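Take a look at the structure set out below.
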Amino acid sequence: MLGSCRPISETWFLQCCFVCDASRADFSKEPAFSWIRKLPVDIRTAIHHSKILFCNGYAFDEFFPDVIASSIDCAICSGTAVFFDPGPRGKSLLHGNLDEQRALEHALRLSDVLLLTSDEAESLTNIRNPVQAGQELLKRGIRTKQVVIKMGSRGSIMITKNTISCAPAFKIDVVDTVGCGDSFTAAIAFGFLHDLPAVNTLTLANAVGAATATGCGAGRNVARLDKVLQLMREADLNEDITLWTELTEGNSLRIEVSILSGIARNGFSENIVAVPVTKVVSEVLPMFEAVPVRSAVQA
């Protein structure tokens with residue numbers, strides 16, 4: 001969390017990423033760390049030496065809105081990318097006090113990457129279609145490069161200025177979803193740092209999130225590399241091509257749409273390209289196969 005921000009040691013998917021992920025909700029009107037009114041010097045230094053600052057909506061339960069806004073400003077001045085996931089708090093912040101509204105708008109407009117569920121995107125834009133909601137958030141942003149929409153068991157979508165990319169989820173037996181969102185975000189961060197194609201990034205993120213869901217609990221119990229690689233090799237996708245085409249064919253900008261698919265497909269419109277999962281897996285796997293199989297996502 002922001003009050004104890006620390007660089008994360010190098011893991012198999014995320015290098016030197018600074019995470020600002022406050023998860024302890026508080027029922028008091030005052031934030032948990034109400035004595036922190038200015039961003040501490042050591043935190044500014046940590047942000048300056050980090051590649052990514054990640055903050056979610058629960059940070060507003062921990063810190064005053066100007067502290068959160070200051071951390072984002074510090075990251076921008078330092079050349080550190082900003083990831084923001086408003087989470088379920090986004091809706092209440094949108095209708096919160098003036099400071100909360102301003103800080104939320106600040107985060108939404110100045111982040112490099114926004115991550116939201118389809119419901120959260122709708123609550124912030126009043127647009128039900130997640131692709132169109134993502135395009136609206138992208139349009140509102142000043143620095144926004146990617147909007148990632150999490151669709152749960154259906155998969156995920158990434159919207160950029162010039163592309164829409166969709167990746168169906170991997171089929172798994174869900175044990176526990178705790179930690180799936182953070183694991184998914186970490187893989188998105190890996191793709192961002194390594195400039196991976198959008199479909200490749202989404203495929204990896206879906207696999208990491210799915211691997212986490214097959215275990216129990218967060219922390220050291222999140223996705224293990226061997227399970228992630230297994231899911232990617234098996235490439236058993238929860239495909240619903242009708243869903244993706246319905247969501248994307250109405251995109252107002254008529255930009256190219258890439259859809260991950262395990263089946264060779266013909267007959268798409270000229271704006272829709274089916275990307276074979278075998279191609280994506282062959283490009284992503286070599287990045288990790290040399291890593292010891294005991295590697296895991298660590299908190």
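Ligands are numbered from 1 in the order shown, residues from 1 within each chain, and chains are lettered A, B, ... in the order they appear in the structure tokens.
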
* Asked: Can you tell me, as a PyMOL selection string, what residues are no more than 12 Å from A:Gly209 when counting only C-alpha atoms, ignoring any on the same chain fewer than 6 positions away?
  -> chain A and resi 150-153+155-156+169-172+174+176-188+202-203+215+218+222-225+227-228+231-232+297

* Surrounding residues of A:Ala167 excluding itself and chain neighbours under 6 positions, 10 Å, only C-alpha atoms, as a VMD selection string -> chain A and resid 151 154 to 158 198 to 206 237 to 239 244 258 to 261 275 277

With N, CA, C and O atoms retained, export the selected residues as a CSV table (one decimal), in the first residue's frame.
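The result, written out as result11.csv:
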```csv
chain,number,residue,atom,x,y,z
A,151,MET,N,-13.3,-8.7,-18.2
A,151,MET,CA,-14.6,-9.3,-18.5
A,151,MET,C,-14.8,-10.6,-17.7
A,151,MET,O,-15.7,-11.4,-18.1
A,154,ARG,N,-15.2,-14.3,-19.3
A,154,ARG,CA,-15.3,-14.1,-20.8
A,154,ARG,C,-14.0,-13.7,-21.4
A,154,ARG,O,-13.8,-13.8,-22.6
A,155,GLY,N,-13.1,-13.1,-20.6
A,155,GLY,CA,-11.8,-12.6,-21.1
A,155,GLY,C,-11.5,-11.2,-20.8
A,155,GLY,O,-11.9,-10.6,-19.8
A,156,SER,N,-10.9,-10.5,-21.7
A,156,SER,CA,-10.5,-9.1,-21.5
A,156,SER,C,-10.3,-8.4,-22.9
A,156,SER,O,-10.2,-9.0,-23.9
A,157,ILE,N,-10.3,-7.1,-22.8
A,157,ILE,CA,-10.2,-6.2,-23.9
A,157,ILE,C,-9.2,-5.1,-23.7
A,157,ILE,O,-9.2,-4.6,-22.5
A,158,MET,N,-8.4,-4.8,-24.7
A,158,MET,CA,-7.6,-3.6,-24.6
A,158,MET,C,-7.9,-2.6,-25.7
A,158,MET,O,-7.9,-3.0,-26.8
A,198,ALA,N,-0.7,-6.1,-28.1
A,198,ALA,CA,-1.9,-6.1,-27.2
A,198,ALA,C,-2.5,-7.4,-27.0
A,198,ALA,O,-2.7,-7.8,-25.8
A,199,VAL,N,-2.7,-8.2,-28.0
A,199,VAL,CA,-3.3,-9.5,-27.9
A,199,VAL,C,-2.3,-10.5,-27.1
A,199,VAL,O,-2.8,-11.2,-26.2
A,200,ASN,N,-1.0,-10.3,-27.3
A,200,ASN,CA,-0.1,-11.1,-26.5
A,200,ASN,C,-0.2,-10.8,-25.0
A,200,ASN,O,-0.2,-11.7,-24.1
A,201,THR,N,-0.2,-9.5,-24.7
A,201,THR,CA,-0.3,-9.0,-23.3
A,201,THR,C,-1.6,-9.5,-22.7
A,201,THR,O,-1.6,-10.0,-21.5
A,202,LEU,N,-2.7,-9.4,-23.4
A,202,LEU,CA,-4.0,-9.9,-22.8
A,202,LEU,C,-4.0,-11.4,-22.6
A,202,LEU,O,-4.5,-11.9,-21.6
A,203,THR,N,-3.4,-12.1,-23.5
A,203,THR,CA,-3.3,-13.6,-23.4
A,203,THR,C,-2.5,-14.0,-22.1
A,203,THR,O,-2.9,-14.9,-21.4
A,204,LEU,N,-1.4,-13.3,-22.0
A,204,LEU,CA,-0.6,-13.6,-20.8
A,204,LEU,C,-1.3,-13.2,-19.5
A,204,LEU,O,-1.3,-14.0,-18.5
A,205,ALA,N,-2.0,-12.1,-19.5
A,205,ALA,CA,-2.7,-11.6,-18.3
A,205,ALA,C,-3.8,-12.6,-18.0
A,205,ALA,O,-4.1,-12.9,-16.8
A,206,ASN,N,-4.6,-13.0,-19.0
A,206,ASN,CA,-5.6,-14.0,-18.8
A,206,ASN,C,-5.1,-15.3,-18.2
A,206,ASN,O,-5.7,-15.8,-17.3
A,237,LEU,N,-9.5,-22.2,-24.8
A,237,LEU,CA,-10.1,-20.9,-24.6
A,237,LEU,C,-11.7,-21.0,-24.5
A,237,LEU,O,-12.3,-21.9,-25.1
A,238,ASN,N,-12.2,-20.1,-23.7
A,238,ASN,CA,-13.6,-20.0,-23.5
A,238,ASN,C,-14.2,-19.1,-24.6
A,238,ASN,O,-14.6,-17.9,-24.3
A,239,GLU,N,-14.2,-19.6,-25.8
A,239,GLU,CA,-14.5,-18.7,-27.0
A,239,GLU,C,-16.0,-18.4,-27.1
A,239,GLU,O,-16.8,-19.3,-27.0
A,244,TRP,N,-17.7,-11.1,-29.0
A,244,TRP,CA,-16.7,-10.2,-29.4
A,244,TRP,C,-17.1,-9.4,-30.6
A,244,TRP,O,-16.8,-8.2,-30.7
A,258,SER,N,-8.6,-6.9,-33.3
A,258,SER,CA,-7.9,-8.2,-33.2
A,258,SER,C,-8.5,-9.1,-32.2
A,258,SER,O,-8.7,-8.7,-31.0
A,259,ILE,N,-8.9,-10.3,-32.6
A,259,ILE,CA,-9.6,-11.2,-31.6
A,259,ILE,C,-8.8,-12.5,-31.5
A,259,ILE,O,-8.6,-13.2,-32.6
A,260,LEU,N,-8.3,-12.9,-30.4
A,260,LEU,CA,-7.6,-14.1,-30.2
A,260,LEU,C,-8.6,-15.3,-30.4
A,260,LEU,O,-9.7,-15.3,-29.9
A,261,SER,N,-8.1,-16.3,-31.1
A,261,SER,CA,-9.0,-17.4,-31.5
A,261,SER,C,-8.2,-18.7,-31.5
A,261,SER,O,-7.0,-18.7,-32.0
A,275,VAL,N,-6.6,-13.7,-34.6
A,275,VAL,CA,-5.2,-14.0,-34.2
A,275,VAL,C,-5.1,-15.4,-33.6
A,275,VAL,O,-5.7,-15.6,-32.6
A,277,VAL,N,-4.3,-18.4,-31.5
A,277,VAL,CA,-3.7,-18.5,-30.2
A,277,VAL,C,-2.3,-19.3,-30.2
A,277,VAL,O,-1.4,-19.0,-29.5
```

I want to know what sits within 9 Å of A:Val67, based on only C-alpha atoms, with residues of the same chain fewer than 3 positions away left out; could you give that as a PDB file with C-alpha atoms, in the first residue's frame?
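The file below, out.pdb, is the result:
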```
ATOM      1  CA  ILE A  36      -0.024  11.796   6.081  1.00  0.00           C
ATOM      2  CA  ARG A  37      -0.908  15.112   4.449  1.00  0.00           C
ATOM      3  CA  LYS A  38       2.079  15.348   2.086  1.00  0.00           C
ATOM      4  CA  LEU A  39       3.824  12.678   0.057  1.00  0.00           C
ATOM      5  CA  PHE A  63      -5.036   8.415   2.171  1.00  0.00           C
ATOM      6  CA  PHE A  64      -6.362  11.895   1.533  1.00  0.00           C
ATOM      7  CA  SER A  70       0.560  14.050  -5.554  1.00  0.00           C
ATOM      8  CA  SER A  71       1.863  10.500  -6.043  1.00  0.00           C
ATOM      9  CA  ILE A  72       0.565  10.541  -9.617  1.00  0.00           C
TER      10      ILE A  72
END
```

* To do: Would you mind writing down, as a count of residues only, each residue of stretch 156-299 of chain A that DSSP on the backbone assigns to alpha helix (DSSP H)?
  => 56

* Asked: Do you know which residues are at most 10 Å from A:Thr248 counting only C-alpha atoms, after dropping those on the same chain fewer than 4 positions away, and could you put them as a ChimeraX atom specification?
  -> /A:129-132,164-166,243-244,252,254-259,271-272

* Could you work out how far atom CA of A:Val280 lies from atom CA of A:Phe190, giving the answer in Å with one decimal? ->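 Computed distance, atom CA of A:Phe190 to atom CA of A:Val280, equals 15.4 Å.
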
* Asked: What is the distance, in Å and to one decimal place, between atom CA of A:Gly90 and atom CA of A:Asn56?
  ->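 Separation between atom CA of A:Gly90 and atom CA of A:Asn56: 9.1 Å.
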